[in-house]
Each structure stands twice: as C-alpha cells, then as structure tokens.
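**Q** Got a structure for you, coords_32.csv, holding CSV, C-alpha atoms and all ligand atoms.
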```
chain,number,residue,atom,x,y,z
B,1476,MET,CA,0.0,0.0,0.0
B,1477,SER,CA,1.3,3.5,-0.9
B,1478,THR,CA,1.7,6.4,1.6
B,1479,PRO,CA,-1.6,7.8,2.6
B,1480,ILE,CA,-2.6,11.1,1.2
B,1481,LEU,CA,-4.5,11.9,4.4
B,1482,GLU,CA,-4.0,10.5,7.9
B,1483,VAL,CA,-6.3,11.5,10.8
B,1484,GLU,CA,-5.0,10.2,14.1
B,1485,ASP,CA,-6.9,10.3,17.4
B,1486,LEU,CA,-8.7,13.5,16.5
B,1487,HIS,CA,-10.7,15.3,19.2
B,1488,VAL,CA,-12.9,18.3,18.5
B,1489,HIS,CA,-14.8,20.1,21.2
B,1490,PHE,CA,-17.4,22.9,21.3
B,1491,GLU,CA,-17.9,25.1,24.4
B,1492,ASN,CA,-21.4,26.3,25.2
B,1493,TYR,CA,-23.4,27.5,28.2
B,1494,ALA,CA,-24.1,23.9,29.2
B,1495,GLY,CA,-20.4,22.7,29.1
B,1496,THR,CA,-18.1,21.0,26.7
B,1497,ILE,CA,-19.6,19.1,23.8
B,1498,HIS,CA,-17.2,16.3,22.7
B,1499,ALA,CA,-18.2,16.2,19.0
B,1500,VAL,CA,-15.2,14.1,17.9
B,1501,ASN,CA,-13.7,11.6,20.3
B,1502,GLY,CA,-10.6,10.1,18.9
B,1503,MET,CA,-11.3,9.4,15.2
B,1504,SER,CA,-8.5,7.8,13.3
B,1505,PHE,CA,-8.5,6.8,9.6
B,1506,SER,CA,-6.3,7.2,6.5
B,1507,ILE,CA,-7.0,7.6,2.8
B,1508,GLN,CA,-4.8,6.4,0.0
B,1509,PRO,CA,-4.3,8.3,-3.3
B,1510,GLY,CA,-7.1,7.5,-5.7
B,1511,GLU,CA,-9.2,5.9,-3.0
B,1512,ILE,CA,-12.8,6.8,-2.0
B,1513,TYR,CA,-13.2,6.5,1.7
B,1514,GLY,CA,-16.7,6.8,3.2
B,1515,LEU,CA,-17.3,8.2,6.6
B,1516,VAL,CA,-20.9,7.2,7.5
B,1517,GLY,CA,-23.2,7.7,10.4
B,1518,GLU,CA,-26.3,9.4,11.8
B,1519,SER,CA,-26.5,13.2,12.2
B,1520,GLY,CA,-24.5,14.3,15.2
B,1521,CYS,CA,-21.9,11.5,15.0
B,1522,GLY,CA,-19.1,14.0,14.3
B,1523,LYS,CA,-18.5,13.2,10.6
B,1524,SER,CA,-19.0,16.7,9.2
B,1525,VAL,CA,-17.0,18.2,12.1
B,1526,THR,CA,-14.1,15.8,11.2
B,1527,ALA,CA,-14.2,17.0,7.6
B,1528,LEU,CA,-14.1,20.7,8.7
B,1529,ALA,CA,-11.2,19.9,11.1
B,1530,ALA,CA,-9.2,18.3,8.3
B,1531,LEU,CA,-9.1,21.8,6.7
B,1532,ARG,CA,-8.8,23.7,10.0
B,1533,MET,CA,-12.2,25.2,9.3
B,1534,VAL,CA,-13.8,24.5,12.7
B,1535,LYS,CA,-15.0,27.9,14.0
B,1536,PRO,CA,-15.2,29.0,17.6
B,1537,PRO,CA,-16.7,28.0,20.0
B,1538,GLY,CA,-15.4,24.8,18.4
B,1539,TYR,CA,-11.7,23.9,18.5
B,1540,ILE,CA,-9.4,21.0,17.8
B,1541,ALA,CA,-8.6,19.6,21.2
B,1542,GLY,CA,-6.2,16.8,20.3
B,1543,GLY,CA,-4.8,14.6,17.6
B,1544,ARG,CA,-2.9,14.8,14.3
B,1545,ILE,CA,-4.1,15.5,10.7
B,1546,ARG,CA,-1.4,14.7,8.1
B,1547,TYR,CA,-1.8,15.6,4.4
B,1548,ARG,CA,1.0,14.3,2.3
B,1549,GLY,CA,3.1,13.9,5.5
B,1550,ASP,CA,2.6,17.6,6.7
B,1551,ASP,CA,0.9,18.0,10.1
B,1552,LEU,CA,-1.9,20.4,9.1
B,1553,LEU,CA,-2.3,21.4,12.8
B,1554,GLU,CA,1.2,22.8,12.8
B,1555,LEU,CA,1.2,24.6,9.5
B,1556,SER,CA,1.2,28.4,9.3
B,1557,GLU,CA,-2.1,30.0,8.2
B,1558,GLU,CA,-0.3,31.1,5.0
B,1559,ARG,CA,0.6,27.5,4.1
B,1560,MET,CA,-2.8,26.2,5.3
B,1561,HIS,CA,-4.3,28.7,2.9
B,1562,ALA,CA,-2.4,27.1,0.0
B,1563,VAL,CA,-3.6,23.7,1.1
B,1564,ARG,CA,-7.3,24.7,1.1
B,1565,GLY,CA,-8.4,24.5,-2.5
B,1566,GLY,CA,-4.8,24.0,-3.8
B,1567,GLY,CA,-4.3,20.5,-2.4
B,1568,ILE,CA,-7.6,19.7,-0.7
B,1569,ALA,CA,-10.9,20.8,-2.1
B,1570,MET,CA,-14.2,20.6,-0.3
B,1571,VAL,CA,-17.8,20.5,-1.6
B,1572,PHE,CA,-20.8,20.8,0.6
B,1573,GLN,CA,-24.4,19.7,0.6
B,1574,ASP,CA,-25.7,23.0,-0.8
B,1575,PRO,CA,-23.6,24.2,-3.6
B,1576,PHE,CA,-25.6,27.4,-4.1
B,1577,ALA,CA,-24.7,28.5,-0.6
B,1578,SER,CA,-21.0,27.9,-1.4
B,1579,LEU,CA,-21.1,30.0,-4.6
B,1580,ASN,CA,-21.1,33.8,-4.6
B,1581,PRO,CA,-24.4,34.9,-6.3
B,1582,VAL,CA,-23.0,38.2,-7.6
B,1583,PHE,CA,-20.1,36.8,-9.7
B,1584,THR,CA,-20.2,34.4,-12.6
B,1585,VAL,CA,-19.0,30.8,-11.8
B,1586,GLY,CA,-16.3,31.4,-14.3
B,1587,ASP,CA,-15.0,34.5,-12.5
B,1588,GLN,CA,-15.0,32.6,-9.2
B,1589,THR,CA,-13.2,29.6,-10.6
B,1590,ASN,CA,-10.7,31.9,-12.5
B,1591,ARG,CA,-9.8,33.7,-9.2
B,1592,ILE,CA,-9.1,30.4,-7.4
B,1593,ILE,CA,-6.9,29.2,-10.2
B,1594,ARG,CA,-4.9,32.4,-10.4
B,1595,ARG,CA,-4.5,32.4,-6.6
B,1596,HIS,CA,-3.2,28.8,-6.4
B,1597,LEU,CA,-1.4,28.4,-9.7
B,1598,GLY,CA,-0.3,32.0,-10.5
B,1599,LEU,CA,-1.7,31.9,-14.1
B,1600,SER,CA,-2.7,34.9,-16.2
B,1601,GLN,CA,-6.4,35.7,-16.5
B,1602,LYS,CA,-6.5,34.2,-20.0
B,1603,GLU,CA,-4.7,31.0,-19.0
B,1604,ALA,CA,-6.9,30.6,-15.9
B,1605,ARG,CA,-10.0,31.0,-18.1
B,1606,ALA,CA,-8.8,28.2,-20.4
B,1607,LYS,CA,-8.1,26.0,-17.4
B,1608,ALA,CA,-11.5,26.7,-15.9
B,1609,VAL,CA,-13.3,25.9,-19.1
B,1610,ASP,CA,-11.3,22.7,-19.4
B,1611,ALA,CA,-12.3,21.8,-15.8
B,1612,PHE,CA,-15.9,22.5,-16.5
B,1613,ASP,CA,-15.6,20.1,-19.5
B,1614,LYS,CA,-13.9,17.4,-17.4
B,1615,VAL,CA,-16.8,17.4,-14.9
B,1616,GLY,CA,-19.3,16.9,-17.7
B,1617,LEU,CA,-20.8,20.4,-17.9
B,1618,PRO,CA,-22.4,20.9,-21.3
B,1619,ASP,CA,-21.2,24.0,-23.3
B,1620,PRO,CA,-18.5,24.9,-20.7
B,1621,GLU,CA,-17.9,28.3,-22.4
B,1622,THR,CA,-21.5,29.3,-21.7
B,1623,VAL,CA,-21.4,27.9,-18.2
B,1624,TYR,CA,-18.2,30.0,-17.6
B,1625,ASP,CA,-20.2,33.2,-18.1
B,1626,SER,CA,-23.2,32.0,-16.1
B,1627,TYR,CA,-24.3,33.2,-12.6
B,1628,PRO,CA,-25.0,30.4,-10.1
B,1629,PHE,CA,-28.8,31.0,-10.3
B,1630,HIS,CA,-28.6,30.2,-14.0
B,1631,LEU,CA,-27.5,26.7,-13.2
B,1632,SER,CA,-29.4,23.6,-11.8
B,1633,GLY,CA,-28.3,22.2,-8.4
B,1634,GLY,CA,-26.5,19.3,-10.2
B,1635,MET,CA,-24.6,21.8,-12.4
B,1636,GLN,CA,-23.7,23.9,-9.4
B,1637,GLN,CA,-22.3,20.9,-7.7
B,1638,ARG,CA,-20.3,20.0,-10.8
B,1639,VAL,CA,-18.9,23.6,-10.8
B,1640,MET,CA,-17.8,23.2,-7.2
B,1641,ILE,CA,-16.0,19.9,-8.0
B,1642,ALA,CA,-14.4,21.6,-11.1
B,1643,MET,CA,-13.1,24.5,-8.9
B,1644,GLY,CA,-11.3,21.9,-6.8
B,1645,LEU,CA,-9.8,20.1,-9.7
B,1646,SER,CA,-8.8,23.2,-11.7
B,1647,SER,CA,-6.5,24.4,-8.9
B,1648,GLY,CA,-4.7,21.1,-8.6
B,1649,ALA,CA,-6.4,19.4,-5.6
B,1650,ASP,CA,-5.7,15.7,-5.3
B,1651,LEU,CA,-8.0,15.2,-2.3
B,1652,LEU,CA,-11.7,16.1,-2.4
B,1653,ILE,CA,-13.7,16.2,0.8
B,1654,ALA,CA,-17.4,15.8,-0.2
B,1655,ASP,CA,-19.8,16.5,2.7
B,1656,GLU,CA,-23.2,15.0,1.8
B,1657,PRO,CA,-22.7,16.1,-1.9
B,1658,THR,CA,-25.9,14.6,-3.2
B,1659,THR,CA,-28.3,14.9,-0.3
B,1660,ALA,CA,-29.9,18.1,-1.7
B,1661,LEU,CA,-30.2,16.7,-5.2
B,1662,ASP,CA,-32.9,14.8,-7.0
B,1663,VAL,CA,-32.3,11.0,-7.2
B,1664,THR,CA,-31.4,10.9,-10.9
B,1665,ILE,CA,-29.0,13.8,-10.4
B,1666,GLN,CA,-27.5,12.1,-7.3
B,1667,ALA,CA,-26.6,9.1,-9.4
B,1668,GLN,CA,-24.9,11.4,-12.0
B,1669,ILE,CA,-22.8,13.1,-9.4
B,1670,LEU,CA,-21.8,9.8,-7.7
B,1671,LYS,CA,-20.8,8.5,-11.2
B,1672,LEU,CA,-18.8,11.7,-11.8
B,1673,LEU,CA,-16.9,11.1,-8.5
B,1674,THR,CA,-16.0,7.5,-9.3
B,1675,ASP,CA,-15.0,8.6,-12.9
B,1676,LEU,CA,-12.7,11.3,-11.5
B,1677,ARG,CA,-11.1,8.9,-9.1
B,1678,LYS,CA,-10.2,6.7,-12.0
B,1679,ARG,CA,-9.3,9.4,-14.5
B,1680,GLU,CA,-7.5,11.9,-12.2
B,1681,ASN,CA,-6.4,9.5,-9.4
B,1682,LEU,CA,-8.4,11.8,-7.1
B,1683,ALA,CA,-8.8,10.7,-3.5
B,1684,ILE,CA,-12.2,11.4,-2.0
B,1685,LEU,CA,-13.4,11.6,1.6
B,1686,LEU,CA,-17.1,11.1,1.2
B,1687,ILE,CA,-19.2,12.1,4.2
B,1688,THR,CA,-22.7,10.7,4.1
B,1689,HIS,CA,-25.5,9.3,6.2
B,1690,ASP,CA,-26.6,7.1,3.3
B,1691,LEU,CA,-25.4,3.5,3.3
B,1692,GLY,CA,-26.7,3.2,-0.3
B,1693,VAL,CA,-24.3,5.9,-1.5
B,1694,VAL,CA,-21.4,4.2,0.4
B,1695,ALA,CA,-22.3,0.8,-1.2
B,1696,GLU,CA,-22.3,2.3,-4.7
B,1697,THR,CA,-19.3,4.6,-4.4
B,1698,CYS,CA,-16.7,3.8,-1.8
B,1699,ASP,CA,-13.7,1.5,-1.5
B,1700,ARG,CA,-13.4,1.5,2.3
B,1701,VAL,CA,-15.7,2.9,5.0
B,1702,GLY,CA,-15.5,4.1,8.6
B,1703,VAL,CA,-18.8,3.8,10.5
B,1704,ALA,CA,-18.9,6.7,13.0
B,1705,TYR,CA,-20.9,6.8,16.2
B,1706,ALA,CA,-20.8,9.5,18.9
B,1707,GLY,CA,-17.6,10.9,17.6
B,1708,HIS,CA,-15.9,7.5,17.4
B,1709,ILE,CA,-15.2,5.2,14.5
B,1710,VAL,CA,-16.7,1.9,15.6
B,1711,GLU,CA,-16.1,-0.2,12.4
B,1712,THR,CA,-13.7,0.1,9.5
B,1713,GLY,CA,-13.0,-2.0,6.4
B,1714,THR,CA,-13.9,-2.4,2.8
B,1715,VAL,CA,-17.5,-1.8,1.8
B,1716,GLU,CA,-18.0,-5.5,1.3
B,1717,GLN,CA,-16.6,-6.3,4.8
B,1718,CYS,CA,-18.6,-3.6,6.6
B,1719,LEU,CA,-21.9,-3.8,4.8
B,1720,TYR,CA,-22.2,-7.4,3.7
B,1721,THR,CA,-20.8,-9.3,6.7
B,1722,ARG,CA,-22.1,-9.0,10.2
B,1723,GLY,CA,-19.9,-6.7,12.3
B,1724,HIS,CA,-20.5,-4.0,14.8
B,1725,PRO,CA,-24.0,-4.0,16.4
B,1726,TYR,CA,-24.4,-0.3,15.4
B,1727,THR,CA,-23.7,-1.0,11.7
B,1728,ASP,CA,-26.0,-3.9,12.0
B,1729,GLY,CA,-28.7,-1.6,13.3
B,1730,LEU,CA,-28.2,0.9,10.5
B,1731,LEU,CA,-28.5,-1.8,7.9
B,1732,GLY,CA,-31.6,-3.2,9.5
B,1733,ALA,CA,-33.2,0.2,9.3
B,1734,LEU,CA,-32.7,0.4,5.5
B,1735,PRO,CA,-36.0,-0.1,3.7
B,1736,ASP,CA,-34.3,-1.5,0.6
B,1737,LEU,CA,-32.7,-4.4,2.5
B,1738,VAL,CA,-35.7,-5.8,4.4
B,1739,GLU,CA,-38.1,-8.2,3.0
B,1740,HIS,CA,-41.3,-6.7,1.5
B,1741,GLY,CA,-43.9,-6.4,4.3
B,1742,ALA,CA,-41.3,-7.0,7.1
B,1743,ASP,CA,-40.9,-4.4,9.9
B,1744,LEU,CA,-38.0,-2.1,9.8
B,1745,GLU,CA,-35.6,-2.5,12.7
B,1746,VAL,CA,-35.2,0.4,15.0
B,1747,ILE,CA,-32.1,1.3,17.1
B,1748,ASP,CA,-33.6,2.1,20.5
B,1749,GLY,CA,-32.7,5.5,22.1
B,1750,SER,CA,-31.0,8.4,20.4
B,1751,VAL,CA,-27.5,9.6,19.5
B,1752,PRO,CA,-25.8,11.1,22.7
B,1753,ASP,CA,-25.5,14.9,22.7
B,1754,GLY,CA,-21.8,14.8,23.5
B,1755,LEU,CA,-22.1,16.7,26.8
B,1756,GLU,CA,-22.2,13.5,28.8
B,1757,THR,CA,-19.1,11.3,28.9
B,1758,ILE,CA,-20.3,7.7,28.3
B,1759,PRO,CA,-18.1,5.2,30.1
B,1760,GLY,CA,-17.0,2.1,28.2
B,1761,CYS,CA,-18.4,1.5,24.8
B,1762,PRO,CA,-20.2,4.6,23.5
B,1763,PHE,CA,-23.0,2.5,22.0
B,1764,HIS,CA,-23.7,0.5,25.2
B,1765,PRO,CA,-26.8,2.4,26.3
B,1766,ARG,CA,-28.5,1.4,22.9
B,1767,CYS,CA,-26.9,-1.9,22.2
B,1768,PRO,CA,-29.0,-5.1,22.2
B,1769,HIS,CA,-25.9,-7.2,23.1
B,1770,VAL,CA,-24.6,-5.1,26.0
B,1771,MET,CA,-22.5,-7.0,28.5
B,1772,ASP,CA,-21.0,-6.0,31.9
B,1773,VAL,CA,-17.6,-5.5,30.2
B,1774,CYS,CA,-19.1,-2.9,27.8
B,1775,ARG,CA,-19.6,-0.5,30.7
B,1776,GLY,CA,-16.0,-0.6,31.8
B,1777,ASP,CA,-13.2,0.5,29.5
B,1778,PRO,CA,-13.7,1.5,25.9
B,1779,PRO,CA,-13.5,-1.5,23.6
B,1780,PRO,CA,-10.3,-1.9,21.5
B,1781,PHE,CA,-10.5,-2.7,17.8
B,1782,TYR,CA,-10.7,-6.4,17.0
B,1783,ARG,CA,-9.7,-7.7,13.6
B,1784,LEU,CA,-12.3,-9.8,11.8
B,1785,GLY,CA,-11.3,-12.3,9.1
B,1786,GLU,CA,-8.0,-12.5,7.2
B,1787,GLY,CA,-8.6,-10.2,4.2
B,1788,ARG,CA,-5.9,-8.1,2.7
B,1789,THR,CA,-7.7,-5.0,4.0
B,1790,THR,CA,-8.2,-4.9,7.7
B,1791,HIS,CA,-11.8,-5.2,8.9
B,1792,ALA,CA,-11.8,-4.0,12.5
B,1793,VAL,CA,-14.6,-3.6,14.9
B,1794,ALA,CA,-14.6,-1.8,18.3
B,1795,CYS,CA,-16.7,-4.3,20.1
B,1796,TYR,CA,-16.2,-6.8,22.9
B,1797,LEU,CA,-18.3,-9.4,21.0
B,1798,TYR,CA,-15.2,-10.2,18.8
B,1799,GLY,CA,-12.0,-11.9,19.5
B,1800,GLU,CA,-9.3,-11.8,22.1
B,1801,HIS,CA,-6.5,-9.9,20.4
B,1802,PRO,CA,-7.1,-6.3,19.5
B,1803,VAL,CA,-5.4,-4.8,16.4
B,1804,ILE,CA,-5.2,-1.4,18.0
B,1805,PRO,CA,-4.8,-0.8,21.8
B,1806,PRO,CA,-7.8,0.6,23.7
B,1807,ARG,CA,-8.3,4.4,23.3
B,1808,ALA,CA,-7.3,6.6,26.2
B,1809,PRO,CA,-10.4,8.4,27.4
B,1810,GLY,CA,-10.4,12.1,26.4
B,1811,PRO,CA,-7.8,14.2,24.5
B,1812,THR,CA,-4.2,13.6,25.5
B,1813,ASP,CA,-2.6,16.7,23.9
B,1814,ARG,CA,-3.4,20.2,22.7
B,1815,PRO,CA,-5.0,21.2,26.0
B,1816,GLY,CA,-5.9,24.8,26.7
B,1817,PRO,CA,-7.9,27.6,25.0
B,1818,PRO,CA,-9.5,27.1,21.7
B,1819,ARG,CA,-7.3,27.6,18.6
B,1820,SER,CA,-8.3,30.1,16.0
B,1821,THR,CA,-9.2,28.0,13.0
B,1822,GLU,CA,-11.2,30.5,10.9
B,1823,PRO,CA,-10.0,30.5,7.3
B,1824,GLU,CA,-9.2,33.7,5.5
B,1825,GLU,CA,-11.4,32.8,2.6
B,1826,ALA,CA,-13.5,29.9,1.7
B,1827,THR,CA,-12.6,28.0,-1.5
H,1,LIG,FE1,-22.5,-3.7,22.2
H,1,LIG,FE2,-20.7,-4.2,24.0
H,1,LIG,FE3,-20.1,-4.4,21.4
H,1,LIG,FE4,-20.5,-2.0,22.5
H,1,LIG,S1,-18.9,-3.4,23.0
H,1,LIG,S2,-21.3,-2.7,20.6
H,1,LIG,S3,-22.1,-2.5,24.0
H,1,LIG,S4,-21.6,-5.6,22.6
```
I need this file expressed as structure tokens, please.
**A**
Amino acid sequence: MSTPILEVEDLHVHFENYAGTIHAVNGMSFSIQPGEIYGLVGESGCGKSVTALAALRMVKPPGYIAGGRIRYRGDDLLELSEERMHAVRGGGIAMVFQDPFASLNPVFTVGDQTNRIIRRHLGLSQKEARAKAVDAFDKVGLPDPETVYDSYPFHLSGGMQQRVMIAMGLSSGADLLIADEPTTALDVTIQAQILKLLTDLRKRENLAILLITHDLGVVAETCDRVGVAYAGHIVETGTVEQCLYTRGHPYTDGLLGALPDLVEHGADLEVIDGSVPDGLETIPGCPFHPRCPHVMDVCRGDPPPFYRLGEGRTTHAVACYLYGEHPVIPPRAPGPTDRPGPPRSTEPEEAT
C-alpha cells in the first residue's frame, strides 16, 4: 500500500457552550490512499462533518481541535502556518458541501469565481486561468462549458452547481476532495450522476475522496473503504463488502436493519432504540452501550479496542467486545491527550 494522502489520528474536536463542553469528535482515526474513495458514514451528530471541517482547520469558535494529528502528504496540518494552510485549502484539498448554491457567490459568474481560485493557487494569467476553468468544466461533464463560464449560479441547476464546485477543486490542482453529503440536496437521478462523476474522477485523475454521508446506499455504490462513526468514534472500518455485507458492529447492523431496501417486502424495519448522545455527557466504556441489544458488563468498563475480523488483505476491524481476544489497536485513552488549553483560532481567511 502506498503512503496515505490523508491521515487522521486520534482526532478530538470540542465545542464550548453554556451547558459545558460538547465532545463532537472523540478520537477518530483513519487514513486515505491516493485515488481511494473513503466513506465516513453515520447518523446526524456523529461527528463526521466536524471531522471534515477539522481536516481543513475550518472549525470555527466556539469549536476547536482539542487533540490529535491530521497529516496531508506527510505535513501535520495542525502545525502549518495560516499562509501554508491557505495554500492547502483549494490547492491540495478541495471541499464540496451539501448545498452548492450556498457555497457560490451569487453576484459573480461561476467562471469569475473559478478563475480567481486558479490564479491564486497556480499563478496563471487571466486568459490562462479562463482556459483552465473551461477545461475543468468540460472534465466534470458540464455541457457547453464556455457558456457555463459566463453563467451566474442562479442560471444553473443544483446538479450543475455541484459540478462547478467539483471543477473548482480540480482546476487548482487538488488531489483530495472532501465531499460532505454532496448529493443529499439533489434529485435522485442527479444524485446518481454526481456519484458517477466522483467515481470517474477517481479513475481518470487519481483523485482521493473523503465522502461524508448518512446514506449507506451511497457508500455501497461509491466507496472502496468505509468508517462507521458513532458519537464521535469510528466503531467499524473495512472495505464496503466487509462492513456492509458481513455482520460486524451492532451499530452498523442496526443501521443496515433500518434500511427499507434491505428488508423483505412487508417486514418491519428494525429500529435502534434510544438516540445519539449529545456529546455533553461522557459515556463510560463502549459509547454504544446504552443502545446496544448485546450489551454485557464489560461494555460499561473500558472503551473496547478494535478487534480484527477475518484475514482479508484490507483490515476489517470492529470496536466491540463481542469479537476476539486480540485487539489490532490498543484501547483508546479516554479524552484528549494533547493540545489542551484555550480554543485555537481556526477560521480560514477565505472559503474556497
Ligand atoms: Fe454492544 Fe458491548 Fe459491542 Fe458496545 S462493546 S457494541 S455495548 S456488545
């Protein structure tokens, strides 16, 4: 396996509010290889979007990164100067959000906006940047890219706006795309087109993609590997086949059981009892134990380590005491272990 393009190690992100400290991300660790699509999946509030923002140091106060490491091509992003971080945002790592219209400036044409990003990151002339933007619009399948260049965001459909956002990232040389629920706001047919575009770009451009989604169907169609997130922890990781088609963590099992497509016609959907914790309360032991149908005494003690399932080339690991004797990864230390103190300023100078 080659060197990962992105490594997230024991990431902790907190938010301070009147009620106390919300532990939004509680020690997430994962890595992405060049040209790989990695899905981070879970319910709302599991910390997946906050993890994506943290990867670009875009967590805004009262949130802050309380611990961990984020390495992009070997550089620790939490140690980079704001100037170098500015070059990484959009230049190396691009991000697209659920609502592309909210990410685009309504008073400039999409061509102007793309041109400006290209000139800033690649130092090209206005004319050269225009040619590169038109080429990027063509690569993402926008019809008549010259006309699109001179269009305002409101001239374009939601699917076309999302293609423009992806083109902006590609045109300035990004090799990692963070896509946070990129199809959730789109019609089903357009969703399928955008997912196909992402898989095509991975093949054609060797683009690595961190795909944040709550939709297991999107993961199944698109991703190579997946991390299932719960209450700010990753509880299961492996290939899509390992995580979605073999029985693993009880939480993943519950998510799959709640999918209408996968239950027999007429059968009741399964429900995961209880609700996602709010992050204010520290849950001892396994974070899923208050909702788990298999809970045992040991689950209320120390957090479970990751246990390896099977002997596949890609590690399939599950943080659950139901499995095995020999953990692949030692148990997590409770709470952040470094970067204590006041919140860091993480506000970017300019969104890309
Ligand atoms: Fe359930 Fe225990 Fe496994 Fe947690 S460790 S998922 S509570 S069986």
**Q** Around the point (-13.2, 16.2, 11.8), in the coordinates given by the file, pick out the residues reaching within 8 Å, counting only C-alpha atoms, and return them as a PyMOL selection string.
**A** chain B and resi 1486-1488+1500+1503+1522-1530
**Q** Work out how far atom CA of Arg1788 of chain B is from atom CA of Glu1518 of chain B, in Å to one decimal.
**A**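 Separating atom CA of Glu1518 of chain B from atom CA of Arg1788 of chain B is a distance of 28.4 Å.
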**Q** Determine the nearest neighbour of ligand LIG 1 (chain H) from the options B:Asp1728, B:Glu1696, B:Glu1554, B:Asp1650, counting only C-alpha atoms and all ligand atoms.
**A**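 Residue with the minimum atom-to-atom distance to ligand LIG 1 (chain H): B:Asp1728.
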**Q** Return as a PyMOL selection string every polymer residue, whether protein, DNA or RNA, with at least one atom no more than 10 Å from an atom of ligand LIG 1 (chain H); count all atoms listed in the file.
**A** chain B and resi 1710+1723-1728+1760-1781+1793-1798
**Q** List the residues sitting within 12 Å of (-20.0, 38.1, -8.7) in the file's frame, using only C-alpha atoms, as a PyMOL selection string.
**A** chain B and resi 1579-1591+1625-1629
**Q** Using all atoms listed in the file, which residue out of B:His1561, B:Ile1592, B:Leu1652, B:Gly1538 lies closest to Asn1492 of chain B?
**A**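 Counting all atoms listed in the file, the residue closest to Asn1492 of chain B is B:Gly1538.
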**Q** Using all atoms listed in the file, find the one residue out of B:Glu1656, B:Tyr1720, B:Leu1730, B:Ser1647 that sits nearest to Leu1599 of chain B.
**A** B:Ser1647
**Q** Tell me which of B:Ala1733, B:Leu1673, B:Ala1654, B:Ala1569 sits closest to Val1615 of chain B, counting all atoms listed in the file.
**A**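 Answer, going by the shortest atom-to-atom distance: B:Leu1673.
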**Q** Quick one: distance from atom CA of Val1751 of chain B to atom CA of His1708 of chain B in Å, one decimal?
**A**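 Distance reported for this atom pair: 12.0 Å.
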**Q** Closest to Gly1692 of chain B among B:Gly1567, B:Val1715, B:Leu1672, B:Leu1631, using all atoms listed in the file?
**A**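 With all atoms listed in the file as the atom set, the closest residue is B:Val1715.
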**Q** Could you check which of B:Val1534, B:Ile1507, B:Leu1552, B:Ala1683 is closest to Thr1478 of chain B, using all atoms listed in the file?
**A**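 Of B:Val1534, B:Ile1507, B:Leu1552, B:Ala1683, the one nearest Thr1478 of chain B is B:Ile1507, counting all atoms listed in the file.
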**Q** Find the distance between atom CA of Val1516 of chain B and atom CA of Tyr1539 of chain B and write it in Å to one decimal.
**A**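 A separation of 22.0 Å between them.
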**Q** Neighbours of Thr1496 of chain B within 6 Å (all atoms listed in the file; same-chain residues fewer than 2 positions away dropped), as number ranges by chain?
**A** B: 1490-1491, 1755
**Q** Skip Asp1551 of chain B itself and residues of its chain fewer than 6 positions away, then list as a list of chain:residue names all residues within 12 Å of it, counting all atoms listed in the file.
**A**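 Selected residues are B:Ile1480, B:Leu1481, B:Glu1482, B:Val1483, B:Glu1484, B:Ala1530, B:Leu1531, B:Arg1532, B:Gly1543, B:Arg1544, B:Ile1545, B:Arg1559, B:Met1560, B:Val1563.
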